[in-house]
Amino acid sequence: MDQLLFACIVFTAFDLFLIIYAFTLPLYPTSWRKKVNKKHNNDTATGITILFVTLACCISWIIYFFFLIFHL
(Lines give C-alpha, C1' and ligand atoms only; values in the text may rest on other atoms or scores of the structure.)
Protein backbone atom coordinates (compact mmCIF):
# COMPACT_ATOMS: atom_id res chain seq x y z
CA MET A 1 0.00 0.00 0.00
CA ASP A 2 2.86 2.36 0.79
CA GLN A 3 4.50 1.61 -2.56
CA LEU A 4 1.25 2.45 -4.37
CA LEU A 5 0.98 5.74 -2.48
CA PHE A 6 4.59 6.55 -3.40
CA ALA A 7 3.89 5.75 -7.07
CA CYS A 8 0.82 8.00 -7.02
CA ILE A 9 2.84 10.85 -5.55
CA VAL A 10 5.58 10.39 -8.16
CA PHE A 11 3.02 10.41 -11.00
CA THR A 12 1.45 13.56 -9.57
CA ALA A 13 4.80 15.32 -9.21
CA PHE A 14 5.76 14.43 -12.79
CA ASP A 15 2.35 15.61 -14.00
CA LEU A 16 2.76 18.95 -12.21
CA PHE A 17 6.23 19.34 -13.69
CA LEU A 18 4.87 18.78 -17.20
CA ILE A 19 2.00 21.22 -16.70
CA ILE A 20 4.37 23.92 -15.42
CA TYR A 21 6.70 23.22 -18.37
CA ALA A 22 3.80 23.59 -20.81
CA PHE A 23 2.83 26.94 -19.28
CA THR A 24 6.41 28.21 -19.58
CA LEU A 25 6.81 27.25 -23.27
CA PRO A 26 5.61 30.69 -24.50
CA LEU A 27 8.40 32.32 -22.46
CA TYR A 28 11.09 30.77 -24.67
CA PRO A 29 12.23 32.76 -27.72
CA THR A 30 10.03 32.28 -30.78
CA SER A 31 12.98 31.45 -33.04
CA TRP A 32 14.10 28.64 -30.73
CA ARG A 33 10.56 27.24 -30.45
CA LYS A 34 10.11 27.22 -34.25
CA LYS A 35 13.47 25.48 -34.72
CA VAL A 36 12.66 22.82 -32.10
CA ASN A 37 9.10 22.31 -33.36
CA LYS A 38 10.37 21.68 -36.91
CA LYS A 39 12.64 18.89 -35.74
CA HIS A 40 10.86 17.35 -32.73
CA ASN A 41 7.30 18.78 -32.77
CA ASN A 42 7.75 19.73 -29.12
CA ASP A 43 4.35 21.36 -28.52
CA THR A 44 2.39 18.34 -29.73
CA ALA A 45 4.60 15.87 -27.88
CA THR A 46 4.23 17.87 -24.67
CA GLY A 47 0.45 17.96 -24.98
CA ILE A 48 0.14 14.24 -25.66
CA THR A 49 2.53 13.43 -22.81
CA ILE A 50 0.51 15.58 -20.40
CA LEU A 51 -2.66 13.81 -21.50
CA PHE A 52 -1.33 10.31 -20.89
CA VAL A 53 0.54 11.13 -17.68
CA THR A 54 -2.59 12.78 -16.26
CA LEU A 55 -4.61 9.71 -17.23
CA ALA A 56 -2.10 7.41 -15.50
CA CYS A 57 -2.05 9.68 -12.47
CA CYS A 58 -5.85 9.67 -12.12
CA ILE A 59 -6.08 5.90 -12.57
CA SER A 60 -3.34 5.29 -10.01
CA TRP A 61 -5.11 7.51 -7.45
CA ILE A 62 -8.41 5.72 -8.13
CA ILE A 63 -6.74 2.34 -7.55
CA TYR A 64 -5.08 3.62 -4.37
CA PHE A 65 -8.34 4.94 -2.90
CA PHE A 66 -10.17 1.76 -3.92
CA PHE A 67 -7.71 -0.32 -1.90
CA LEU A 68 -7.77 2.21 0.94
CA ILE A 69 -11.57 2.28 1.20
CA PHE A 70 -12.20 -1.45 0.86
CA HIS A 71 -9.10 -2.58 2.85
CA LEU A 72 -7.96 -5.09 0.23
# chains A, B, ... in the order shown; residues from 1 in each chain; ligands from 1

call {"tool": "residues_around", "arguments": {"residues": "Leu68 in chain A", "least_positions_apart": "3", "cutoff": "12 Å", "atoms": "only C-alpha atoms", "output": "list of chain:residue names"}}
result
A:Met1, A:Asp2, A:Leu4, A:Leu5, A:Trp61, A:Ile62, A:Ile63, A:Tyr64, A:Phe65, A:His71, A:Leu72

call {"tool": "write_last_selection", "arguments": {"atoms": "N, CA and C atoms", "output": "CSV table (one decimal), in the first residue's frame"}}
result
chain,number,residue,atom,x,y,z
A,1,MET,N,0.8,-1.2,0.0
A,1,MET,CA,0.0,0.0,0.0
A,1,MET,C,0.9,1.3,0.0
A,2,ASP,N,2.0,1.2,0.8
A,2,ASP,CA,2.9,2.4,0.8
A,2,ASP,C,3.5,2.6,-0.6
A,4,LEU,N,2.3,1.9,-3.5
A,4,LEU,CA,1.3,2.4,-4.4
A,4,LEU,C,1.1,3.9,-4.1
A,5,LEU,N,1.1,4.3,-2.8
A,5,LEU,CA,1.0,5.7,-2.5
A,5,LEU,C,2.2,6.5,-3.0
A,61,TRP,N,-4.4,7.0,-8.7
A,61,TRP,CA,-5.1,7.5,-7.4
A,61,TRP,C,-6.4,6.8,-7.2
A,62,ILE,N,-7.2,6.5,-8.3
A,62,ILE,CA,-8.4,5.7,-8.1
A,62,ILE,C,-8.1,4.3,-7.6
A,63,ILE,N,-7.1,3.7,-8.1
A,63,ILE,CA,-6.7,2.3,-7.6
A,63,ILE,C,-6.3,2.4,-6.1
A,64,TYR,N,-5.5,3.5,-5.8
A,64,TYR,CA,-5.1,3.6,-4.4
A,64,TYR,C,-6.3,3.8,-3.4
A,65,PHE,N,-7.2,4.7,-3.8
A,65,PHE,CA,-8.3,4.9,-2.9
A,65,PHE,C,-9.3,3.8,-2.9
A,71,HIS,N,-10.1,-1.8,2.0
A,71,HIS,CA,-9.1,-2.6,2.8
A,71,HIS,C,-8.7,-3.9,2.2
A,72,LEU,N,-8.4,-3.9,0.9
A,72,LEU,CA,-8.0,-5.1,0.2
A,72,LEU,C,-6.5,-5.3,0.3

call {"tool": "residues_around", "arguments": {"residues": "range 22-35 of chain A", "least_positions_apart": "5", "cutoff": "10 Å", "atoms": "only C-alpha atoms", "output": "VMD selection string"}}
result
chain A and resid 16 to 17 40 to 43 46 to 47 50

call {"tool": "closest_residue", "arguments": {"among": "A:Val36, A:Cys58, A:Leu51, A:Ala45", "to": "Cys8 in chain A", "atoms": "only C-alpha atoms"}}
result
A:Cys58

call {"tool": "closest_residue", "arguments": {"among": "A:Phe66, A:Thr54, A:Ser60, A:Asn37", "to": "Phe14 in chain A", "atoms": "only C-alpha atoms"}}
result
A:Thr54

call {"tool": "atom_distance", "arguments": {"atom1": "CA of Ala13 in chain A", "atom2": "CA of Phe70 in chain A"}}
result
25.9 Å

call {"tool": "atom_distance", "arguments": {"atom1": "CA of Ile59 in chain A", "atom2": "CA of Leu18 in chain A"}}
result
17.5 Å
